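Data block below; observations after.
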Amino acid sequence: MTTDTAVVTATNTPASATDTDSPIRLAIIIGSTRDGRFGPKVADWFAGHATLRSDMTVDIVDLAETPLPTALTHRPGPEDVAALEAVAPRLDAADAFTVVTPEYNHSYPASLKNAIDWHFTQWQAKPVGFVSYGGISGGLRAVEHLRPVFAEVHAVTVRDTVSFHNAGGLFEEDGRLKDPEGPDTAAGAMLDQLTWWARALRTARTTHPYGS
């Protein structure tokens with residue numbers, strides 16, 4: 001059971017009536033913490049699209065800059081609590097998530113699984129989109145592994161993804177895409193889906209708190 005490992009560090013407080021009409025709060029999670037990682041470049045590109053929207057605000061949660069404890073426990077000590085408090089309230093405040101993930105050995109990074117497992121209510125009844133990158137597979141095998149994990153914590157994953165195959169050759173040094181047309185279209189489609197689901201689920205949580 002998920003609750004055997006997850007530490008609930010915040011409550012999934014329903015939004016107020018005025019919140020239902022306010023911009024969607026999107027948390028973009030950079031999953032890789034590896035030295036020399038490519039993730040921030042991909043995340044910055046995607047955040048650039050999201051911040052252009054008037055119906056959305058963006059918070060980038062970089063797991064390399066906000067490292068979480070690696071040993072799960074229901075009784076975290078003071079240092080662990082401080083680390084969790086740097087992340088959990090930001091996830092709790094989000095209406096939707098985009099996970100930026102590479103593919104490591106046919107799956108996703110341990111740092112990302114650790115972040116998921118430390119939290120529970122923060123994910124509930126909220127939509128999750130994926131931006132993946134890698135070699136020939138474009139990180140899509142990592143995404144397929146993530147979908148059932150997020151289902152277990154009661155999140156809703158959107159269908160469309162953004163994926164970068166052989167990602168290192170697709171970006172300029174300054175982070176711009178060499179051929180942006182396809183990825184730009186994919187990003188717009190996924191953000192539209194996230195926004196629809198985020199508004200619908202935020203309204204649902206307001207009128208009928210999840211799990212009540």
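Just remember, in the structure tokens the first chain shown is A, the second B, etc., residues are 1-based per chain, and ligands are 1-based in the order shown.
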
Could the residues of segment 94-125 of chain A that have an atom at most 8 Å from segment 153-175 of chain A be listed as a tab-separated table, each with its closest atom pair and the distance in Å to one decimal, counting only C-alpha atoms and ordered by chain and ascending residue number?
residue	atom	partner	partner_atom	distance
A:Phe120	CA	A:Val153	CA	6.0
A:Thr121	CA	A:Val153	CA	7.8
A:Trp123	CA	A:Ala155	CA	5.5
A:Gln124	CA	A:His154	CA	4.8
A:Ala125	CA	A:Ala155	CA	5.1

Output N, CA, C and O atoms of each residue in that selection to a file, as a JSON list (two decimals), in the first residue's frame.
[["chain", "number", "residue", "atom", "x", "y", "z"],
["A", 120, "PHE", "N", 2.10, 12.31, -0.53],
["A", 120, "PHE", "CA", 0.90, 11.54, -0.88],
["A", 120, "PHE", "C", -0.27, 12.46, -1.20],
["A", 120, "PHE", "O", -0.72, 12.55, -2.33],
["A", 121, "THR", "N", -0.75, 13.20, -0.20],
["A", 121, "THR", "CA", -1.91, 14.06, -0.44],
["A", 121, "THR", "C", -1.60, 15.14, -1.47],
["A", 121, "THR", "O", -2.50, 15.63, -2.16],
["A", 123, "TRP", "N", -0.28, 14.91, -4.29],
["A", 123, "TRP", "CA", -0.54, 14.46, -5.66],
["A", 123, "TRP", "C", -2.02, 14.19, -5.92],
["A", 123, "TRP", "O", -2.44, 14.14, -7.08],
["A", 124, "GLN", "N", -2.80, 14.00, -4.89],
["A", 124, "GLN", "CA", -4.15, 13.48, -5.03],
["A", 124, "GLN", "C", -5.06, 14.39, -5.87],
["A", 124, "GLN", "O", -5.12, 15.59, -5.64],
["A", 125, "ALA", "N", -5.76, 13.77, -6.80],
["A", 125, "ALA", "CA", -6.78, 14.45, -7.61],
["A", 125, "ALA", "C", -6.21, 15.67, -8.34],
["A", 125, "ALA", "O", -6.86, 16.70, -8.45]]

**OP:** Please give the complete set of residues from segment 94-203 of chain A that DSSP, run on the backbone, assigns to alpha helix (DSSP H), formatted as a VMD selection string.
**Re:** chain A and resid 110 to 118 140 to 152 181 to 203

Original post:
Could you pull the residues within 12 Å of Thr195 of chain A, counting only C-alpha atoms, minus those fewer than 2 positions along the same chain, as a ChimeraX atom specification?
Top reply: /A:20-26,50,53-57,94-98,126-129,158,188-193,197-202

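The space between atom CA of Pro89 of chain A and atom CA of Ala187 of chain A spans 26.1 Å.
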
Subject >> Which of chain A fall in strand (DSSP E or B), as a PyMOL selection string >> reply: chain A and resi 24-30+56-62+96-102+104+107+127-134+156-157+162-165+171+177
